[in-house]
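The structure file target_37.pdb is reproduced below (PDB, C-alpha atoms).
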```
ATOM      1  CA  GLY Q  23     -10.346  -9.267  -7.063
ATOM      2  CA  SER Q  24     -11.022 -12.609  -5.501
ATOM      3  CA  SER Q  25      -9.551 -15.021  -2.992
ATOM      4  CA  ASP Q  26      -7.625 -16.913  -5.680
ATOM      5  CA  TRP Q  27      -5.399 -13.896  -6.549
ATOM      6  CA  LYS Q  28      -1.865 -14.521  -5.215
ATOM      7  CA  ASN Q  29       1.103 -12.829  -6.930
ATOM      8  CA  TYR Q  30       0.646  -9.532  -8.750
ATOM      9  CA  THR Q  31       1.538  -5.841  -8.961
ATOM     10  CA  VAL Q  32      -0.977  -3.050  -8.565
ATOM     11  CA  SER Q  33      -0.214   0.570  -9.518
ATOM     12  CA  SER Q  34      -2.120   3.814  -9.424
ATOM     13  CA  THR Q  35      -1.423   7.531  -9.691
ATOM     14  CA  ILE Q  36      -2.985   9.046  -6.578
ATOM     15  CA  ILE Q  37      -3.628  12.635  -5.535
ATOM     16  CA  TYR Q  38      -3.931  13.313  -1.797
ATOM     17  CA  TYR Q  39      -6.454  15.888  -0.538
ATOM     18  CA  LEU Q  40      -6.029  16.461   3.213
ATOM     19  CA  ALA Q  41      -5.802  12.733   3.968
ATOM     20  CA  VAL Q  42      -4.138  11.538   7.181
ATOM     21  CA  SER Q  43      -2.832   8.553   5.204
ATOM     22  CA  GLY Q  44      -3.696   6.615   2.084
ATOM     23  CA  GLY Q  45      -2.459   4.320  -0.640
ATOM     24  CA  ILE Q  46      -2.776   0.891  -2.264
ATOM     25  CA  ALA Q  47      -3.832  -2.397  -0.659
ATOM     26  CA  VAL Q  48      -3.075  -5.963  -1.812
ATOM     27  CA  ARG Q  49      -4.216  -9.416  -0.732
ATOM     28  CA  VAL Q  50      -7.345  -7.815   0.648
ATOM     29  CA  GLN Q  51      -9.469 -10.367   2.483
ATOM     30  CA  GLY Q  52     -11.770  -7.943   4.260
ATOM     31  CA  LEU Q  53     -11.948  -4.554   5.932
ATOM     32  CA  GLU Q  54      -9.160  -5.400   8.386
ATOM     33  CA  ARG Q  55      -7.118  -8.071   6.543
ATOM     34  CA  TYR Q  56      -4.651  -6.724   3.970
ATOM     35  CA  TYR Q  57      -1.218  -5.269   3.212
ATOM     36  CA  ALA Q  58      -0.912  -1.621   2.106
ATOM     37  CA  ILE Q  59       1.639   0.998   1.185
ATOM     38  CA  GLU Q  60       0.700   4.471   2.354
ATOM     39  CA  LEU Q  61       1.897   8.030   2.364
ATOM     40  CA  THR Q  62       1.112   9.824   5.639
ATOM     41  CA  LYS Q  63       0.675  13.472   6.534
ATOM     42  CA  GLU Q  64       3.563  13.015   8.994
ATOM     43  CA  GLY Q  65       5.879  12.585   5.981
ATOM     44  CA  ARG Q  66       6.215   8.796   6.066
ATOM     45  CA  PHE Q  67       6.059   6.111   3.374
ATOM     46  CA  ARG Q  68       5.109   2.874   5.069
ATOM     47  CA  LEU Q  69       4.129  -0.718   4.519
ATOM     48  CA  VAL Q  70       1.421  -1.899   6.902
ATOM     49  CA  LYS Q  71      -0.310  -5.183   7.576
ATOM     50  CA  LEU Q  72      -3.802  -5.354   8.994
ATOM     51  CA  LEU Q  73      -4.386  -8.676  10.699
ATOM     52  CA  ASP Q  74      -5.634  -8.580  14.288
ATOM     53  CA  GLY Q  75      -4.841  -4.855  14.337
ATOM     54  CA  MET Q  76      -2.459  -2.725  12.295
ATOM     55  CA  LYS Q  77       1.276  -3.420  12.283
ATOM     56  CA  VAL Q  78       3.798  -1.165  10.533
ATOM     57  CA  LEU Q  79       6.165  -3.588   8.780
ATOM     58  CA  CYS Q  80       8.523  -1.001   7.319
ATOM     59  CA  GLU Q  81       8.629   2.789   7.036
ATOM     60  CA  LEU Q  82      10.860   5.651   5.991
ATOM     61  CA  SER Q  83      10.742   9.418   5.743
ATOM     62  CA  TYR Q  84       9.157  10.743   2.561
ATOM     63  CA  GLU Q  85       8.033  14.344   2.282
ATOM     64  CA  PHE Q  86       5.228  14.860  -0.180
ATOM     65  CA  GLU Q  87       2.809  17.616  -1.153
ATOM     66  CA  LEU Q  88      -0.957  17.618  -1.164
ATOM     67  CA  ASN Q  89      -2.747  18.050  -4.506
ATOM     68  CA  VAL Q  90       0.228  16.575  -6.421
ATOM     69  CA  PRO Q  91       0.000  13.190  -8.201
ATOM     70  CA  TYR Q  92       2.211  10.316  -6.978
ATOM     71  CA  THR Q  93       2.417   6.976  -8.762
ATOM     72  CA  LEU Q  94       2.414   4.202  -6.181
ATOM     73  CA  SER Q  95       3.025   0.550  -6.966
ATOM     74  CA  LEU Q  96       2.899  -2.483  -4.680
ATOM     75  CA  SER Q  97       4.146  -5.877  -5.838
ATOM     76  CA  ILE Q  98       3.600  -9.098  -3.959
ATOM     77  CA  ASN Q  99       5.234 -12.404  -4.836
ATOM     78  CA  GLY Q 100       4.993 -15.129  -2.220
ATOM     79  CA  LYS Q 101       6.020 -13.469   1.047
ATOM     80  CA  LEU Q 102       7.960 -10.604  -0.613
ATOM     81  CA  LEU Q 103       6.394  -7.141  -0.887
ATOM     82  CA  GLU Q 104       7.962  -4.224  -2.795
ATOM     83  CA  GLY Q 105       6.643  -0.672  -2.736
ATOM     84  CA  THR Q 106       7.556   2.071  -5.180
ATOM     85  CA  ILE Q 107       6.850   5.763  -5.606
ATOM     86  CA  ASN Q 108       7.216   7.323  -9.051
ATOM     87  CA  GLY Q 109       9.191   4.284 -10.241
ATOM     88  CA  ASP Q 110      11.672   4.179  -7.341
ATOM     89  CA  THR Q 111      11.559   1.020  -5.199
ATOM     90  CA  LEU Q 112      11.796   2.303  -1.639
ATOM     91  CA  ILE Q 113      10.429  -0.584   0.404
ATOM     92  CA  SER Q 114      11.217  -4.284   0.204
ATOM     93  CA  TYR Q 115       9.984  -6.593   2.954
ATOM     94  CA  GLU Q 116       9.566 -10.341   3.392
ATOM     95  CA  ASP Q 117       6.683 -11.228   5.724
ATOM     96  CA  ASN Q 118       7.457 -14.479   7.533
ATOM     97  CA  ASP Q 119       4.967 -13.896  10.364
ATOM     98  CA  CYS Q 120       1.560 -15.353   9.370
ATOM     99  CA  PRO Q 121       1.628 -13.898   5.841
ATOM    100  CA  LEU Q 122      -1.598 -13.226   3.974
ATOM    101  CA  GLU Q 123      -1.474 -15.616   1.037
ATOM    102  CA  ASN Q 124      -4.173 -14.352  -1.327
ATOM    103  CA  GLY Q 125      -6.823 -11.720  -1.906
ATOM    104  CA  GLY Q 126      -7.939  -8.764  -3.992
ATOM    105  CA  ILE Q 127      -6.817  -5.146  -4.320
ATOM    106  CA  GLY Q 128      -8.058  -1.790  -3.096
ATOM    107  CA  LEU Q 129      -7.336   1.783  -2.158
ATOM    108  CA  VAL Q 130      -7.134   2.858   1.479
ATOM    109  CA  VAL Q 131      -7.585   6.286   3.051
ATOM    110  CA  GLU Q 132      -7.734   7.527   6.624
ATOM    111  CA  ASN Q 133      -9.736  10.660   7.480
ATOM    112  CA  GLY Q 134      -9.701  12.515   4.201
ATOM    113  CA  THR Q 135      -9.841  12.086   0.471
ATOM    114  CA  ILE Q 136      -7.611  10.616  -2.219
ATOM    115  CA  SER Q 137      -8.406  10.264  -5.903
ATOM    116  CA  THR Q 138      -7.242   8.291  -8.910
ATOM    117  CA  GLU Q 139      -8.374   7.870 -12.478
ATOM    118  CA  LYS Q 140      -7.264   4.267 -12.912
ATOM    119  CA  ILE Q 141      -5.749   1.241 -11.211
ATOM    120  CA  VAL Q 142      -3.405  -1.023 -13.195
ATOM    121  CA  LEU Q 143      -3.064  -4.701 -12.317
ATOM    122  CA  GLN Q 144      -0.277  -6.896 -13.705
TER     123      GLN Q 144
END
```

I need this file expressed as structure tokens, please.
Amino acid sequence: GSSDWKNYTVSSTIIYYLAVSGGIAVRVQGLERYYAIELTKEGRFRLVKLLDGMKVLCELSYEFELNVPYTLSLSINGKLLEGTINGDTLISYEDNDCPLENGGIGLVVENGTISTEKIVLQ
């Protein structure tokens, strides 16, 4: 993606292999400037923002299994972010605190491995 990307939805079916956390990133402006939805080994589904450090914007309990595919989707429109798992919207958050306004997409993983066969952008 590029710096002129603003409002879009990115989806991917991801398999987790011993990852501490991982998922989809939007409005990526660098290694430490983006929003992401992640599943964590502690059984959490969370929306994070990396901008001068990591901030958890929203999170909830979500037990998942390793080596099982999960379809994650993250939509961003203006300041509103919506995260889904397997078609169910579980997170909705409006960022009014120095929101990231544009940027590309990516996958994120912490200490482990995740895999996907494709990423869909709408």

(request) Would you translate the PyMOL selection byres ((chain Q and resi 55) around 9) into the concrete set of residues it matches in this file, as a VMD selection string? (result) chain Q and resid 49 to 54 56 to 57 71 to 75 122

(request) Calculate how many Å separate atom CA of Leu102 of chain Q from atom CA of Gly126 of chain Q, rounding to one decimal. (result)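 Calculated distance between atom CA of Leu102 of chain Q and atom CA of Gly126 of chain Q is 16.4 Å.
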
(request) Could you tell me how far atom CA of Tyr30 of chain Q lies from atom CA of Thr135 of chain Q, in Å and to one decimal? (result) 25.7 Å

(request) Work out how far apart atom CA of Val142 of chain Q and atom CA of Asn89 of chain Q are and give it in Å to one decimal. (result) 21.0 Å

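Using all atoms listed in the file for every distance, the candidate list Q:Pro121, Q:Gly23, Q:Gly45, Q:Gly109 yields Q:Gly45 as the residue closest to Phe67 of chain Q.
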
(request) Between Q:Ala41, Q:Leu143, Q:Leu129, Q:Cys80, single out the one closest to Tyr115 of chain Q, counting all atoms listed in the file. (result)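 Residue with the minimum atom-to-atom distance to Tyr115 of chain Q: Q:Cys80.
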
(request) Using the chain letters and numbering of this document, enumerate as a list in words the residues selected by the PyMOL selection byres ((chain Q and resi 117) around 12). (result)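 Output of the PyMOL selection byres ((chain Q and resi 117) around 12): Tyr57, Leu69, Val70, Lys71, Lys77, Val78, Leu79, Cys80, Ile98, Asn99, Gly100, Lys101, Leu102, Leu103, Glu104, Ser114, Tyr115, Glu116, Asn118, Asp119, Cys120, Pro121, Leu122 and Glu123 of chain Q.
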
Produce a file of the selected residues containing C-alpha atoms, as a PDB file, keeping the file's coordinate frame.
```pdb
ATOM      1  CA  TYR Q  57      -1.218  -5.269   3.212  1.00  0.00           C
ATOM      2  CA  LEU Q  69       4.129  -0.718   4.519  1.00  0.00           C
ATOM      3  CA  VAL Q  70       1.421  -1.899   6.902  1.00  0.00           C
ATOM      4  CA  LYS Q  71      -0.310  -5.183   7.576  1.00  0.00           C
ATOM      5  CA  LYS Q  77       1.276  -3.420  12.283  1.00  0.00           C
ATOM      6  CA  VAL Q  78       3.798  -1.165  10.533  1.00  0.00           C
ATOM      7  CA  LEU Q  79       6.165  -3.588   8.780  1.00  0.00           C
ATOM      8  CA  CYS Q  80       8.523  -1.001   7.319  1.00  0.00           C
ATOM      9  CA  ILE Q  98       3.600  -9.098  -3.959  1.00  0.00           C
ATOM     10  CA  ASN Q  99       5.234 -12.404  -4.836  1.00  0.00           C
ATOM     11  CA  GLY Q 100       4.993 -15.129  -2.220  1.00  0.00           C
ATOM     12  CA  LYS Q 101       6.020 -13.469   1.047  1.00  0.00           C
ATOM     13  CA  LEU Q 102       7.960 -10.604  -0.613  1.00  0.00           C
ATOM     14  CA  LEU Q 103       6.394  -7.141  -0.887  1.00  0.00           C
ATOM     15  CA  GLU Q 104       7.962  -4.224  -2.795  1.00  0.00           C
ATOM     16  CA  SER Q 114      11.217  -4.284   0.204  1.00  0.00           C
ATOM     17  CA  TYR Q 115       9.984  -6.593   2.954  1.00  0.00           C
ATOM     18  CA  GLU Q 116       9.566 -10.341   3.392  1.00  0.00           C
ATOM     19  CA  ASN Q 118       7.457 -14.479   7.533  1.00  0.00           C
ATOM     20  CA  ASP Q 119       4.967 -13.896  10.364  1.00  0.00           C
ATOM     21  CA  CYS Q 120       1.560 -15.353   9.370  1.00  0.00           C
ATOM     22  CA  PRO Q 121       1.628 -13.898   5.841  1.00  0.00           C
ATOM     23  CA  LEU Q 122      -1.598 -13.226   3.974  1.00  0.00           C
ATOM     24  CA  GLU Q 123      -1.474 -15.616   1.037  1.00  0.00           C
TER      25      GLU Q 123
END
```

Residues around (9.3, 12.0, 6.4), cut-off 6 Å, counting all atoms listed in the file - what are they as an mmCIF file with C-alpha atoms, keeping the file's coordinate frame?
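Saved file point.cif follows:
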```
data_model
loop_
_atom_site.group_PDB
_atom_site.id
_atom_site.type_symbol
_atom_site.label_atom_id
_atom_site.label_comp_id
_atom_site.auth_asym_id
_atom_site.auth_seq_id
_atom_site.Cartn_x
_atom_site.Cartn_y
_atom_site.Cartn_z
ATOM 1 C CA GLY Q 65 5.879 12.585 5.981
ATOM 2 C CA ARG Q 66 6.215 8.796 6.066
ATOM 3 C CA SER Q 83 10.742 9.418 5.743
ATOM 4 C CA TYR Q 84 9.157 10.743 2.561
ATOM 5 C CA GLU Q 85 8.033 14.344 2.282
#
```

(request) Could you tell me which residues the PyMOL selection byres ((chain Q and resi 92) around 6) returns for this structure, as a ChimeraX atom specification? (result) /Q:35-36,91,93

(message) With distances taken over only C-alpha atoms, which residue among Q:Glu81, Q:Thr62, Q:Ser24, Q:Thr111 lies nearest Gly128 of chain Q?
(response) Q:Ser24

(request) Find the residue from Q:Ile107, Q:Ala58, Q:Leu88, Q:Leu96 that sits nearest to Val42 of chain Q; use all atoms listed in the file when measuring. (result) Q:Leu88

(request) Identify which of the residues Q:Arg68, Q:Leu94, Q:Asn124, Q:Leu61 lies closest to Lys140 of chain Q, counting only C-alpha atoms when measuring atom-to-atom distances. (result) Q:Leu94
